[in-house]
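Take a look at the structure below.
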Amino acid sequence: CGSGSPPAGRSGFSAGHRSFSSPPASPTKVCVVGGGPAGFYTAQSLLKGSPHIQVDIYERLPVPFGLVRFGVAPDHPEVKNVINTFTQTAQHKRCHFLGNVHVGKDITIQELMQAYHAVVLSYGAEGNRTMGVSGEGLPGVYSAKDFVGWYNGLPCNKELQPDLSHETAVILGQGNVALDVARILLSPLDLLKKTDITQNALETLAASKVQRVLMVGRRGPLQVACTIKELREMVNMPYTAPDMLPADFQHVAQALADLPRPRKRLTELIMKTLNEDHRGRQGVKRWGFRFFRSPLEVLPSADGSRASGIRLAVNKLEGVGDAVTAVPTSEVDEIACGMIISSIGYKSLPIDPAVPFDFKRAIVPNNMGRVEETTGLYCSGWVKRGPTGVIATTMNDSFDTARTILQDLESGAINVSVSRPGSSEVVPLLEKRGVRTVSFADWEKINAEETKQGTAVGKPREKLLDVREIMFSYGLCCLISQMTKILQSQMTLSIHSVH
């Protein structure tokens, strides 16, 4: 939703310079690529770790906060409170946010490394892992990443137009993202109207005919990937009832005693949900897990125009403990459905040919955050470890990378004896290339406009969905601000002339 000419190699800054314990003659300039949780946590830790560091955060979109804004479910406002911490970081006197800059396209990593003492890649995972089965390109098949981006207002997903005209939807995956998607599909509209979900999504969901959502996993109930908090939200969702297959739970009760406490509590909740009597609950929507199944083929409709179902291999488990794997049997299962959402994971993409990239693991190869073969280049977050964990996981991971950078500054592995221009050189270069950067103060004007529009309809905010719309709003705010300053100046002159 770039390219650079320098070859990958041992580039950047040489080692063996004076210890960082002696204050540098000029500020140490660090560039963070990515304005999501990993980027902000890395910046926060660096600023706290040394009074000599200045951090510039570059973000591809005109707005900050990454997956906190575009990935966290609209009905989880408490998770988004971390934005307050990020705002404090962005407003720090030694931190600058520069939005609307596509690193790898508008400017290369090599150019950033020439302008900064250190560069940190924190740009997350914007790619999708594919199912690798026939029919997954049919209309009616969506990635969870795109669907989440659609209801959360990610500009590149605003035209998604998901088809919700069928009764059953199947989600491949049983992690927290899968449960988020299921909850959005089945939640009463009155609950969603009070969130920051986009108006476009609300209108589409209001016309939805989806009555049942099934979440499919390769392994069994003892390996389900969601957290107990997310599962409890599904269990307690009004006007819904679970839809499970008792056969999927054979021998689970006997295994409970040996489970670690968090896994035991999660499994007990699933078992309790399975065993409750939901008969007589008419007119409710249904959700459920389907375990021991892997996708084999997306089934086309009779005319081949769209998806109408999915064929699944029925698996058996081999191995023990965490090493248990799903092995397909000769048995197959088919589910008729009009919507299939693949929630089998995100993946990072290479940002620049000058940066090493492990395509198999979809990460930037690194050692404790130090990018391999490239001195002065670091990484944090999903691009460092893969798209796993929650926001707290990313926080700790980013703090670790910041600690590595501080150690390298202390040891002299990063050359701070030569001053670096930082954004004072990069911004004019971007302007020559027609790129208009958005500062954090500019974002606050955009934020005020979104909040204003949301208040008018009883929501926390109404997100602007188009980059051009966002930039227009920002430009209009700038124009109003400039006109206000001119008018105030003219009024001051008029008052002085009267006196």
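The chains in the structure tokens are called A, B, ... from first to last as shown; in each chain the residues are counted from 1, and the ligands are counted from 1 in the order shown.
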
Determine which residues of segment 140-193 of chain A receive a DSSP assignment of alpha helix (DSSP H), computed from the backbone, and state them as a PDB file with all heavy atoms, in the first residue's frame.
```pdb
ATOM      1  N   ALA A 144      -6.945 -11.351   6.247  1.00  0.00           N
ATOM      2  CA  ALA A 144      -7.354 -10.672   7.481  1.00  0.00           C
ATOM      3  C   ALA A 144      -6.705  -9.302   7.571  1.00  0.00           C
ATOM      4  O   ALA A 144      -7.324  -8.346   8.053  1.00  0.00           O
ATOM      5  CB  ALA A 144      -6.973 -11.524   8.693  1.00  0.00           C
ATOM      6  N   LYS A 145      -5.473  -9.195   7.103  1.00  0.00           N
ATOM      7  CA  LYS A 145      -4.782  -7.914   7.143  1.00  0.00           C
ATOM      8  C   LYS A 145      -5.568  -6.848   6.385  1.00  0.00           C
ATOM      9  O   LYS A 145      -5.762  -5.728   6.872  1.00  0.00           O
ATOM     10  CB  LYS A 145      -3.382  -8.043   6.546  1.00  0.00           C
ATOM     11  CG  LYS A 145      -2.612  -6.735   6.446  1.00  0.00           C
ATOM     12  CD  LYS A 145      -1.291  -6.938   5.751  1.00  0.00           C
ATOM     13  CE  LYS A 145      -0.620  -5.592   5.520  1.00  0.00           C
ATOM     14  NZ  LYS A 145      -1.406  -4.727   4.622  1.00  0.00           N
ATOM     15  N   ASP A 146      -6.042  -7.187   5.191  1.00  0.00           N
ATOM     16  CA  ASP A 146      -6.803  -6.219   4.392  1.00  0.00           C
ATOM     17  C   ASP A 146      -8.171  -5.940   5.013  1.00  0.00           C
ATOM     18  O   ASP A 146      -8.642  -4.795   5.000  1.00  0.00           O
ATOM     19  CB  ASP A 146      -6.983  -6.737   2.962  1.00  0.00           C
ATOM     20  CG  ASP A 146      -5.677  -6.750   2.180  1.00  0.00           C
ATOM     21  OD1 ASP A 146      -4.701  -6.123   2.645  1.00  0.00           O
ATOM     22  OD2 ASP A 146      -5.625  -7.402   1.122  1.00  0.00           O
ATOM     23  N   PHE A 147      -8.812  -6.975   5.546  1.00  0.00           N
ATOM     24  CA  PHE A 147     -10.130  -6.789   6.155  1.00  0.00           C
ATOM     25  C   PHE A 147     -10.025  -5.902   7.396  1.00  0.00           C
ATOM     26  O   PHE A 147     -10.844  -5.000   7.605  1.00  0.00           O
ATOM     27  CB  PHE A 147     -10.739  -8.147   6.506  1.00  0.00           C
ATOM     28  CG  PHE A 147     -12.186  -8.080   6.906  1.00  0.00           C
ATOM     29  CD1 PHE A 147     -13.183  -7.948   5.951  1.00  0.00           C
ATOM     30  CD2 PHE A 147     -12.556  -8.137   8.238  1.00  0.00           C
ATOM     31  CE1 PHE A 147     -14.528  -7.878   6.307  1.00  0.00           C
ATOM     32  CE2 PHE A 147     -13.888  -8.070   8.621  1.00  0.00           C
ATOM     33  CZ  PHE A 147     -14.874  -7.942   7.651  1.00  0.00           C
ATOM     34  N   VAL A 148      -9.011  -6.152   8.228  1.00  0.00           N
ATOM     35  CA  VAL A 148      -8.785  -5.316   9.408  1.00  0.00           C
ATOM     36  C   VAL A 148      -8.463  -3.885   8.992  1.00  0.00           C
ATOM     37  O   VAL A 148      -8.974  -2.922   9.581  1.00  0.00           O
ATOM     38  CB  VAL A 148      -7.642  -5.907  10.268  1.00  0.00           C
ATOM     39  CG1 VAL A 148      -7.212  -4.924  11.353  1.00  0.00           C
ATOM     40  CG2 VAL A 148      -8.076  -7.228  10.903  1.00  0.00           C
ATOM     41  N   GLY A 149      -7.632  -3.743   7.955  1.00  0.00           N
ATOM     42  CA  GLY A 149      -7.317  -2.409   7.449  1.00  0.00           C
ATOM     43  C   GLY A 149      -8.550  -1.691   6.934  1.00  0.00           C
ATOM     44  O   GLY A 149      -8.686  -0.468   7.100  1.00  0.00           O
ATOM     45  N   TRP A 150      -9.479  -2.456   6.340  1.00  0.00           N
ATOM     46  CA  TRP A 150     -10.711  -1.862   5.812  1.00  0.00           C
ATOM     47  C   TRP A 150     -11.558  -1.277   6.929  1.00  0.00           C
ATOM     48  O   TRP A 150     -11.971  -0.126   6.865  1.00  0.00           O
ATOM     49  CB  TRP A 150     -11.492  -2.931   5.035  1.00  0.00           C
ATOM     50  CG  TRP A 150     -12.892  -2.549   4.698  1.00  0.00           C
ATOM     51  CD1 TRP A 150     -13.298  -1.636   3.748  1.00  0.00           C
ATOM     52  CD2 TRP A 150     -14.093  -3.055   5.315  1.00  0.00           C
ATOM     53  NE1 TRP A 150     -14.675  -1.555   3.744  1.00  0.00           N
ATOM     54  CE2 TRP A 150     -15.185  -2.405   4.686  1.00  0.00           C
ATOM     55  CE3 TRP A 150     -14.334  -3.986   6.318  1.00  0.00           C
ATOM     56  CZ2 TRP A 150     -16.501  -2.676   5.055  1.00  0.00           C
ATOM     57  CZ3 TRP A 150     -15.638  -4.258   6.683  1.00  0.00           C
ATOM     58  CH2 TRP A 150     -16.704  -3.599   6.050  1.00  0.00           C
ATOM     59  N   TYR A 151     -11.825  -2.043   7.983  1.00  0.00           N
ATOM     60  CA  TYR A 151     -12.713  -1.498   9.021  1.00  0.00           C
ATOM     61  C   TYR A 151     -11.997  -0.522   9.950  1.00  0.00           C
ATOM     62  O   TYR A 151     -12.630   0.238  10.666  1.00  0.00           O
ATOM     63  CB  TYR A 151     -13.455  -2.597   9.795  1.00  0.00           C
ATOM     64  CG  TYR A 151     -12.657  -3.566  10.643  1.00  0.00           C
ATOM     65  CD1 TYR A 151     -11.948  -3.146  11.770  1.00  0.00           C
ATOM     66  CD2 TYR A 151     -12.682  -4.941  10.363  1.00  0.00           C
ATOM     67  CE1 TYR A 151     -11.270  -4.047  12.568  1.00  0.00           C
ATOM     68  CE2 TYR A 151     -12.013  -5.851  11.157  1.00  0.00           C
ATOM     69  CZ  TYR A 151     -11.303  -5.395  12.264  1.00  0.00           C
ATOM     70  OH  TYR A 151     -10.630  -6.292  13.061  1.00  0.00           O
ATOM     71  N   ASN A 152     -10.654  -0.516   9.897  1.00  0.00           N
ATOM     72  CA  ASN A 152      -9.897   0.417  10.723  1.00  0.00           C
ATOM     73  C   ASN A 152      -9.447   1.677   9.978  1.00  0.00           C
ATOM     74  O   ASN A 152      -8.787   2.536  10.563  1.00  0.00           O
ATOM     75  CB  ASN A 152      -8.669  -0.274  11.318  1.00  0.00           C
ATOM     76  CG  ASN A 152      -8.943  -0.896  12.664  1.00  0.00           C
ATOM     77  OD1 ASN A 152      -9.765  -0.399  13.429  1.00  0.00           O
ATOM     78  ND2 ASN A 152      -8.266  -1.983  12.976  1.00  0.00           N
ATOM     79  N   ASN A 176      -5.592 -14.121  17.797  1.00  0.00           N
ATOM     80  CA  ASN A 176      -6.356 -12.948  18.224  1.00  0.00           C
ATOM     81  C   ASN A 176      -6.920 -12.155  17.057  1.00  0.00           C
ATOM     82  O   ASN A 176      -8.022 -11.608  17.151  1.00  0.00           O
ATOM     83  CB  ASN A 176      -5.484 -12.050  19.101  1.00  0.00           C
ATOM     84  CG  ASN A 176      -5.310 -12.607  20.500  1.00  0.00           C
ATOM     85  OD1 ASN A 176      -6.018 -13.526  20.908  1.00  0.00           O
ATOM     86  ND2 ASN A 176      -4.367 -12.055  21.241  1.00  0.00           N
ATOM     87  N   VAL A 177      -6.170 -12.075  15.947  1.00  0.00           N
ATOM     88  CA  VAL A 177      -6.674 -11.332  14.789  1.00  0.00           C
ATOM     89  C   VAL A 177      -7.914 -12.019  14.230  1.00  0.00           C
ATOM     90  O   VAL A 177      -8.899 -11.357  13.880  1.00  0.00           O
ATOM     91  CB  VAL A 177      -5.585 -11.194  13.707  1.00  0.00           C
ATOM     92  CG1 VAL A 177      -6.164 -10.557  12.439  1.00  0.00           C
ATOM     93  CG2 VAL A 177      -4.416 -10.352  14.215  1.00  0.00           C
ATOM     94  N   ALA A 178      -7.890 -13.349  14.163  1.00  0.00           N
ATOM     95  CA  ALA A 178      -9.059 -14.095  13.688  1.00  0.00           C
ATOM     96  C   ALA A 178     -10.269 -13.820  14.567  1.00  0.00           C
ATOM     97  O   ALA A 178     -11.387 -13.609  14.071  1.00  0.00           O
ATOM     98  CB  ALA A 178      -8.748 -15.588  13.655  1.00  0.00           C
ATOM     99  N   LEU A 179     -10.069 -13.794  15.880  1.00  0.00           N
ATOM    100  CA  LEU A 179     -11.182 -13.528  16.791  1.00  0.00           C
ATOM    101  C   LEU A 179     -11.656 -12.083  16.686  1.00  0.00           C
ATOM    102  O   LEU A 179     -12.860 -11.812  16.809  1.00  0.00           O
ATOM    103  CB  LEU A 179     -10.789 -13.865  18.231  1.00  0.00           C
ATOM    104  CG  LEU A 179     -11.128 -15.311  18.652  1.00  0.00           C
ATOM    105  CD1 LEU A 179     -10.237 -16.318  17.918  1.00  0.00           C
ATOM    106  CD2 LEU A 179     -10.993 -15.489  20.153  1.00  0.00           C
ATOM    107  N   ASP A 180     -10.741 -11.153  16.442  1.00  0.00           N
ATOM    108  CA  ASP A 180     -11.141  -9.760  16.204  1.00  0.00           C
ATOM    109  C   ASP A 180     -12.078  -9.673  15.005  1.00  0.00           C
ATOM    110  O   ASP A 180     -13.132  -9.022  15.055  1.00  0.00           O
ATOM    111  CB  ASP A 180      -9.915  -8.880  15.939  1.00  0.00           C
ATOM    112  CG  ASP A 180      -9.150  -8.523  17.198  1.00  0.00           C
ATOM    113  OD1 ASP A 180      -9.697  -8.697  18.302  1.00  0.00           O
ATOM    114  OD2 ASP A 180      -8.007  -8.047  17.068  1.00  0.00           O
ATOM    115  N   VAL A 181     -11.682 -10.330  13.917  1.00  0.00           N
ATOM    116  CA  VAL A 181     -12.485 -10.298  12.690  1.00  0.00           C
ATOM    117  C   VAL A 181     -13.851 -10.930  12.926  1.00  0.00           C
ATOM    118  O   VAL A 181     -14.893 -10.384  12.520  1.00  0.00           O
ATOM    119  CB  VAL A 181     -11.738 -11.006  11.543  1.00  0.00           C
ATOM    120  CG1 VAL A 181     -12.653 -11.191  10.331  1.00  0.00           C
ATOM    121  CG2 VAL A 181     -10.492 -10.223  11.148  1.00  0.00           C
ATOM    122  N   ALA A 182     -13.872 -12.072  13.602  1.00  0.00           N
ATOM    123  CA  ALA A 182     -15.151 -12.740  13.895  1.00  0.00           C
ATOM    124  C   ALA A 182     -16.049 -11.848  14.737  1.00  0.00           C
ATOM    125  O   ALA A 182     -17.265 -11.757  14.497  1.00  0.00           O
ATOM    126  CB  ALA A 182     -14.880 -14.057  14.620  1.00  0.00           C
ATOM    127  N   ARG A 183     -15.461 -11.183  15.714  1.00  0.00           N
ATOM    128  CA  ARG A 183     -16.258 -10.326  16.610  1.00  0.00           C
ATOM    129  C   ARG A 183     -16.841  -9.136  15.844  1.00  0.00           C
ATOM    130  O   ARG A 183     -18.003  -8.764  16.052  1.00  0.00           O
ATOM    131  CB  ARG A 183     -15.370  -9.847  17.761  1.00  0.00           C
ATOM    132  CG  ARG A 183     -16.118  -9.391  18.983  1.00  0.00           C
ATOM    133  CD  ARG A 183     -15.174  -9.099  20.133  1.00  0.00           C
ATOM    134  NE  ARG A 183     -14.213  -8.058  19.806  1.00  0.00           N
ATOM    135  CZ  ARG A 183     -12.926  -8.277  19.566  1.00  0.00           C
ATOM    136  NH1 ARG A 183     -12.436  -9.505  19.603  1.00  0.00           N
ATOM    137  NH2 ARG A 183     -12.119  -7.272  19.273  1.00  0.00           N
ATOM    138  N   ILE A 184     -16.048  -8.547  14.959  1.00  0.00           N
ATOM    139  CA  ILE A 184     -16.552  -7.411  14.170  1.00  0.00           C
ATOM    140  C   ILE A 184     -17.695  -7.872  13.263  1.00  0.00           C
ATOM    141  O   ILE A 184     -18.704  -7.169  13.091  1.00  0.00           O
ATOM    142  CB  ILE A 184     -15.417  -6.778  13.339  1.00  0.00           C
ATOM    143  CG1 ILE A 184     -14.369  -6.142  14.255  1.00  0.00           C
ATOM    144  CG2 ILE A 184     -15.968  -5.739  12.363  1.00  0.00           C
ATOM    145  CD1 ILE A 184     -14.873  -5.025  15.139  1.00  0.00           C
ATOM    146  N   LEU A 185     -17.571  -9.060  12.689  1.00  0.00           N
ATOM    147  CA  LEU A 185     -18.621  -9.570  11.798  1.00  0.00           C
ATOM    148  C   LEU A 185     -19.930  -9.845  12.532  1.00  0.00           C
ATOM    149  O   LEU A 185     -21.008  -9.752  11.943  1.00  0.00           O
ATOM    150  CB  LEU A 185     -18.141 -10.849  11.111  1.00  0.00           C
ATOM    151  CG  LEU A 185     -17.142 -10.690   9.965  1.00  0.00           C
ATOM    152  CD1 LEU A 185     -16.601 -12.048   9.535  1.00  0.00           C
ATOM    153  CD2 LEU A 185     -17.777  -9.969   8.774  1.00  0.00           C
ATOM    154  N   LEU A 186     -19.856 -10.192  13.821  1.00  0.00           N
ATOM    155  CA  LEU A 186     -21.040 -10.637  14.549  1.00  0.00           C
ATOM    156  C   LEU A 186     -21.535  -9.648  15.604  1.00  0.00           C
ATOM    157  O   LEU A 186     -22.628  -9.824  16.149  1.00  0.00           O
ATOM    158  CB  LEU A 186     -20.756 -11.983  15.226  1.00  0.00           C
ATOM    159  CG  LEU A 186     -20.435 -13.160  14.299  1.00  0.00           C
ATOM    160  CD1 LEU A 186     -20.099 -14.396  15.118  1.00  0.00           C
ATOM    161  CD2 LEU A 186     -21.578 -13.450  13.339  1.00  0.00           C
ATOM    162  N   LEU A 189     -24.621  -3.849  16.009  1.00  0.00           N
ATOM    163  CA  LEU A 189     -24.206  -2.584  15.408  1.00  0.00           C
ATOM    164  C   LEU A 189     -24.188  -1.448  16.432  1.00  0.00           C
ATOM    165  O   LEU A 189     -23.345  -0.544  16.347  1.00  0.00           O
ATOM    166  CB  LEU A 189     -25.142  -2.232  14.250  1.00  0.00           C
ATOM    167  CG  LEU A 189     -24.509  -1.480  13.079  1.00  0.00           C
ATOM    168  CD1 LEU A 189     -23.422  -2.320  12.430  1.00  0.00           C
ATOM    169  CD2 LEU A 189     -25.552  -1.084  12.058  1.00  0.00           C
ATOM    170  N   ASP A 190     -25.066  -1.498  17.404  1.00  0.00           N
ATOM    171  CA  ASP A 190     -25.120  -0.435  18.407  1.00  0.00           C
ATOM    172  C   ASP A 190     -23.822  -0.335  19.199  1.00  0.00           C
ATOM    173  O   ASP A 190     -23.449   0.748  19.656  1.00  0.00           O
ATOM    174  CB  ASP A 190     -26.293  -0.660  19.361  1.00  0.00           C
ATOM    175  CG  ASP A 190     -27.635  -0.353  18.710  1.00  0.00           C
ATOM    176  OD1 ASP A 190     -27.625   0.312  17.657  1.00  0.00           O
ATOM    177  OD2 ASP A 190     -28.674  -0.771  19.248  1.00  0.00           O
ATOM    178  N   LEU A 191     -23.139  -1.474  19.373  1.00  0.00           N
ATOM    179  CA  LEU A 191     -21.852  -1.454  20.076  1.00  0.00           C
ATOM    180  C   LEU A 191     -20.768  -0.842  19.200  1.00  0.00           C
ATOM    181  O   LEU A 191     -19.937  -0.054  19.672  1.00  0.00           O
ATOM    182  CB  LEU A 191     -21.449  -2.877  20.485  1.00  0.00           C
ATOM    183  CG  LEU A 191     -22.335  -3.578  21.513  1.00  0.00           C
ATOM    184  CD1 LEU A 191     -21.785  -4.973  21.828  1.00  0.00           C
ATOM    185  CD2 LEU A 191     -22.430  -2.757  22.805  1.00  0.00           C
ATOM    186  N   LEU A 192     -20.771  -1.190  17.918  1.00  0.00           N
ATOM    187  CA  LEU A 192     -19.738  -0.695  17.015  1.00  0.00           C
ATOM    188  C   LEU A 192     -19.894   0.796  16.721  1.00  0.00           C
ATOM    189  O   LEU A 192     -18.909   1.483  16.461  1.00  0.00           O
ATOM    190  CB  LEU A 192     -19.768  -1.489  15.705  1.00  0.00           C
ATOM    191  CG  LEU A 192     -19.404  -2.975  15.811  1.00  0.00           C
ATOM    192  CD1 LEU A 192     -19.518  -3.645  14.446  1.00  0.00           C
ATOM    193  CD2 LEU A 192     -18.005  -3.153  16.382  1.00  0.00           C
TER     194      LEU A 192
END
```

Surrounding residues of segment 262-268 of chain A excluding itself and chain neighbours under 5 positions, 10 Å, only C-alpha atoms, as a PyMOL selection string: chain A and resi 221-229+231-232+252-253+255-257+273-274

*Leaving out segment 460-471 of chain A and any residue of its chain fewer than 5 positions from it, which residues lie within 8 Å of it when counting only C-alpha atoms, given as a count of residues only?*
20

(Q) Using Å and a single decimal, report how far atom CA of Asn315 of chain A sits from atom CA of Arg290 of chain A. (A)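 Separation between atom CA of Arg290 of chain A and atom CA of Asn315 of chain A: 11.3 Å.
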
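Among the candidates A:Gly175, A:Pro238, A:Pro421, A:Gly381, the one nearest to Phe40 of chain A when counting only C-alpha atoms is A:Gly381.
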
- prompt: Restricting the calculation to only C-alpha atoms, which member of A:Val133, A:Ala207, A:Leu409, A:Ile414 is positioned closest to Leu312 of chain A?
  reply: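 Between A:Val133, A:Ala207, A:Leu409, A:Ile414, the residue approaching Leu312 of chain A most closely is A:Val133.
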
> Where in segment 118-295 of chain A does DSSP assign strand (DSSP E or B), given as an MDAnalysis selection string?
Replying inline: chainID A and resid 118:121 127:128 134 141:143 168:172 212:216 240:242 285:290 293:295

- Task: Do a neighbour search on Ser134 of chain A at 10 Å with only C-alpha atoms, toss out local chain neighbours closer than 3 positions, and write the hits as a PyMOL selection string.
- Result: chain A and resi 131+137-138+295-300

### Query
So which residues touch segment 79-95 of chain A within 8 Å, counting only C-alpha atoms, skipping near sequence neighbours fewer than 5 positions away, as a PyMOL selection string?
chain A and resi 37+40-41+43-44+47+53-57+65+68-69+72+440

Using all heavy atoms, can you export the residues from the last selection as a short mmCIF file (atom, residue, chain, number, x, y, z; two decimals), in the first residue's frame?
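again23.cif, written as the output of this step:
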```cif
data_model
loop_
_atom_site.label_atom_id
_atom_site.label_comp_id
_atom_site.auth_asym_id
_atom_site.auth_seq_id
_atom_site.Cartn_x
_atom_site.Cartn_y
_atom_site.Cartn_z
N PRO A 37 4.28 1.00 16.87
CA PRO A 37 4.75 0.71 18.23
C PRO A 37 6.26 0.46 18.33
O PRO A 37 6.91 1.00 19.22
CB PRO A 37 3.96 -0.55 18.61
CG PRO A 37 2.71 -0.46 17.80
CD PRO A 37 3.12 0.17 16.50
N PHE A 40 8.16 3.84 17.94
CA PHE A 40 8.01 4.76 19.07
C PHE A 40 8.67 4.21 20.33
O PHE A 40 9.28 4.97 21.10
CB PHE A 40 6.54 5.07 19.32
CG PHE A 40 6.05 6.24 18.51
CD1 PHE A 40 5.32 6.05 17.34
CD2 PHE A 40 6.33 7.54 18.90
CE1 PHE A 40 4.88 7.12 16.58
CE2 PHE A 40 5.90 8.63 18.15
CZ PHE A 40 5.17 8.42 16.99
N TYR A 41 8.57 2.91 20.57
CA TYR A 41 9.21 2.35 21.76
C TYR A 41 10.74 2.42 21.65
O TYR A 41 11.43 2.67 22.64
CB TYR A 41 8.77 0.91 21.98
CG TYR A 41 7.43 0.77 22.67
CD1 TYR A 41 6.43 -0.04 22.14
CD2 TYR A 41 7.17 1.44 23.86
CE1 TYR A 41 5.21 -0.18 22.78
CE2 TYR A 41 5.95 1.32 24.51
CZ TYR A 41 4.97 0.50 23.96
OH TYR A 41 3.76 0.37 24.60
N ALA A 43 12.41 4.71 19.95
CA ALA A 43 12.74 6.13 20.15
C ALA A 43 12.66 6.50 21.63
O ALA A 43 13.55 7.17 22.17
CB ALA A 43 11.79 7.00 19.33
N GLN A 44 11.61 6.05 22.30
CA GLN A 44 11.42 6.35 23.72
C GLN A 44 12.62 5.88 24.54
O GLN A 44 13.15 6.62 25.39
CB GLN A 44 10.15 5.68 24.23
CG GLN A 44 9.92 5.78 25.73
CD GLN A 44 8.77 4.90 26.20
OE1 GLN A 44 7.82 4.67 25.47
NE2 GLN A 44 8.85 4.39 27.41
N LEU A 47 15.85 7.95 23.78
CA LEU A 47 15.80 9.29 24.38
C LEU A 47 16.03 9.23 25.89
O LEU A 47 16.70 10.10 26.47
CB LEU A 47 14.45 9.95 24.08
CG LEU A 47 14.19 10.29 22.61
CD1 LEU A 47 12.73 10.64 22.39
CD2 LEU A 47 15.08 11.44 22.15
N ILE A 53 21.24 12.04 22.39
CA ILE A 53 20.63 11.47 21.18
C ILE A 53 19.44 12.30 20.73
O ILE A 53 18.61 12.71 21.53
CB ILE A 53 20.19 10.01 21.44
CG1 ILE A 53 21.41 9.11 21.58
CG2 ILE A 53 19.29 9.51 20.32
CD1 ILE A 53 21.07 7.65 21.88
N GLN A 54 19.39 12.53 19.41
CA GLN A 54 18.22 13.10 18.77
C GLN A 54 17.64 12.04 17.84
O GLN A 54 18.38 11.37 17.12
CB GLN A 54 18.57 14.36 17.97
CG GLN A 54 18.95 15.55 18.82
CD GLN A 54 19.21 16.79 17.98
OE1 GLN A 54 19.09 16.77 16.76
NE2 GLN A 54 19.58 17.89 18.65
N VAL A 55 16.33 11.87 17.87
CA VAL A 55 15.67 10.83 17.07
C VAL A 55 14.68 11.45 16.09
O VAL A 55 13.84 12.27 16.48
CB VAL A 55 14.92 9.83 17.98
CG1 VAL A 55 14.26 8.74 17.13
CG2 VAL A 55 15.87 9.19 19.00
N ASP A 56 14.79 11.05 14.84
CA ASP A 56 13.80 11.41 13.82
C ASP A 56 13.06 10.14 13.42
O ASP A 56 13.69 9.13 13.07
CB ASP A 56 14.47 12.03 12.59
CG ASP A 56 15.10 13.38 12.87
OD1 ASP A 56 14.67 14.05 13.82
OD2 ASP A 56 16.04 13.76 12.14
N ILE A 57 11.74 10.17 13.48
CA ILE A 57 10.91 9.02 13.12
C ILE A 57 10.26 9.29 11.76
O ILE A 57 9.50 10.25 11.60
CB ILE A 57 9.81 8.77 14.17
CG1 ILE A 57 10.43 8.53 15.55
CG2 ILE A 57 8.94 7.59 13.76
CD1 ILE A 57 9.39 8.42 16.68
N PHE A 65 1.43 6.02 14.48
CA PHE A 65 0.95 4.97 15.40
C PHE A 65 0.72 3.61 14.76
O PHE A 65 0.40 2.65 15.45
CB PHE A 65 -0.30 5.40 16.17
CG PHE A 65 -0.17 6.75 16.84
CD1 PHE A 65 -1.20 7.69 16.78
CD2 PHE A 65 1.00 7.09 17.50
CE1 PHE A 65 -1.07 8.93 17.38
CE2 PHE A 65 1.14 8.34 18.10
CZ PHE A 65 0.11 9.26 18.05
N VAL A 68 -1.40 0.35 16.03
CA VAL A 68 -2.26 0.79 17.12
C VAL A 68 -3.48 1.53 16.54
O VAL A 68 -4.59 1.39 17.02
CB VAL A 68 -1.51 1.70 18.12
CG1 VAL A 68 -2.44 2.22 19.20
CG2 VAL A 68 -0.36 0.93 18.75
N ARG A 69 -3.26 2.27 15.49
CA ARG A 69 -4.34 2.99 14.81
C ARG A 69 -5.07 2.08 13.82
O ARG A 69 -6.30 2.11 13.74
CB ARG A 69 -3.79 4.22 14.09
CG ARG A 69 -4.83 4.98 13.25
CD ARG A 69 -4.17 6.20 12.59
NE ARG A 69 -4.99 6.80 11.55
CZ ARG A 69 -5.82 7.82 11.71
NH1 ARG A 69 -5.95 8.36 12.91
NH2 ARG A 69 -6.51 8.31 10.71
N VAL A 72 -5.38 -2.49 15.85
CA VAL A 72 -6.13 -2.79 17.08
C VAL A 72 -7.63 -2.66 16.79
O VAL A 72 -8.07 -1.72 16.12
CB VAL A 72 -5.72 -1.83 18.21
CG1 VAL A 72 -6.61 -2.03 19.44
CG2 VAL A 72 -4.25 -2.05 18.59
N PHE A 440 4.59 16.18 13.60
CA PHE A 440 3.63 15.74 14.62
C PHE A 440 2.62 16.84 14.94
O PHE A 440 1.46 16.56 15.22
CB PHE A 440 4.35 15.29 15.90
CG PHE A 440 3.48 14.44 16.77
CD1 PHE A 440 3.26 13.11 16.48
CD2 PHE A 440 2.83 14.99 17.89
CE1 PHE A 440 2.44 12.31 17.28
CE2 PHE A 440 2.00 14.21 18.69
CZ PHE A 440 1.80 12.87 18.37
#
```

- Message: I'd like the contact shell of Arg361 of chain A - 10 Å cut-off, only C-alpha atoms, skipping same-chain residues fewer than 5 positions apart - returned as number ranges by chain.
- Response: A: 347-348, 383, 385-386

Calculated over only C-alpha atoms, which of the candidates A:Ala456, A:Val63, A:Leu112, A:Leu245 has the smallest distance to Gly288 of chain A?
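Smallest distance to Gly288 of chain A is found for A:Leu245.
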
| message | Would you pick out the contacts of Val30 of chain A at 6 Å or less, using only C-alpha atoms, so that residues sharing its chain but fewer than 3 positions from it are not included, and give the list as a PyMOL selection string? | response | chain A and resi 55+116-119

May I have the selected residues written with N, CA and C atoms, as an mmCIF file, in the first residue's frame?
```cif
data_model
loop_
_atom_site.group_PDB
_atom_site.id
_atom_site.type_symbol
_atom_site.label_atom_id
_atom_site.label_comp_id
_atom_site.auth_asym_id
_atom_site.auth_seq_id
_atom_site.Cartn_x
_atom_site.Cartn_y
_atom_site.Cartn_z
ATOM 1 N N VAL A 55 16.325 11.873 17.867
ATOM 2 C CA VAL A 55 15.671 10.829 17.074
ATOM 3 C C VAL A 55 14.685 11.447 16.092
ATOM 4 N N TYR A 116 22.680 10.090 9.145
ATOM 5 C CA TYR A 116 22.512 9.764 10.555
ATOM 6 C C TYR A 116 23.650 8.875 11.045
ATOM 7 N N HIS A 117 23.882 8.921 12.352
ATOM 8 C CA HIS A 117 24.870 8.035 12.952
ATOM 9 C C HIS A 117 24.368 6.593 12.996
ATOM 10 N N ALA A 118 23.066 6.416 13.156
ATOM 11 C CA ALA A 118 22.475 5.072 13.186
ATOM 12 C C ALA A 118 21.073 5.133 12.605
ATOM 13 N N VAL A 119 20.680 4.050 11.943
ATOM 14 C CA VAL A 119 19.340 3.928 11.352
ATOM 15 C C VAL A 119 18.697 2.656 11.897
#
```
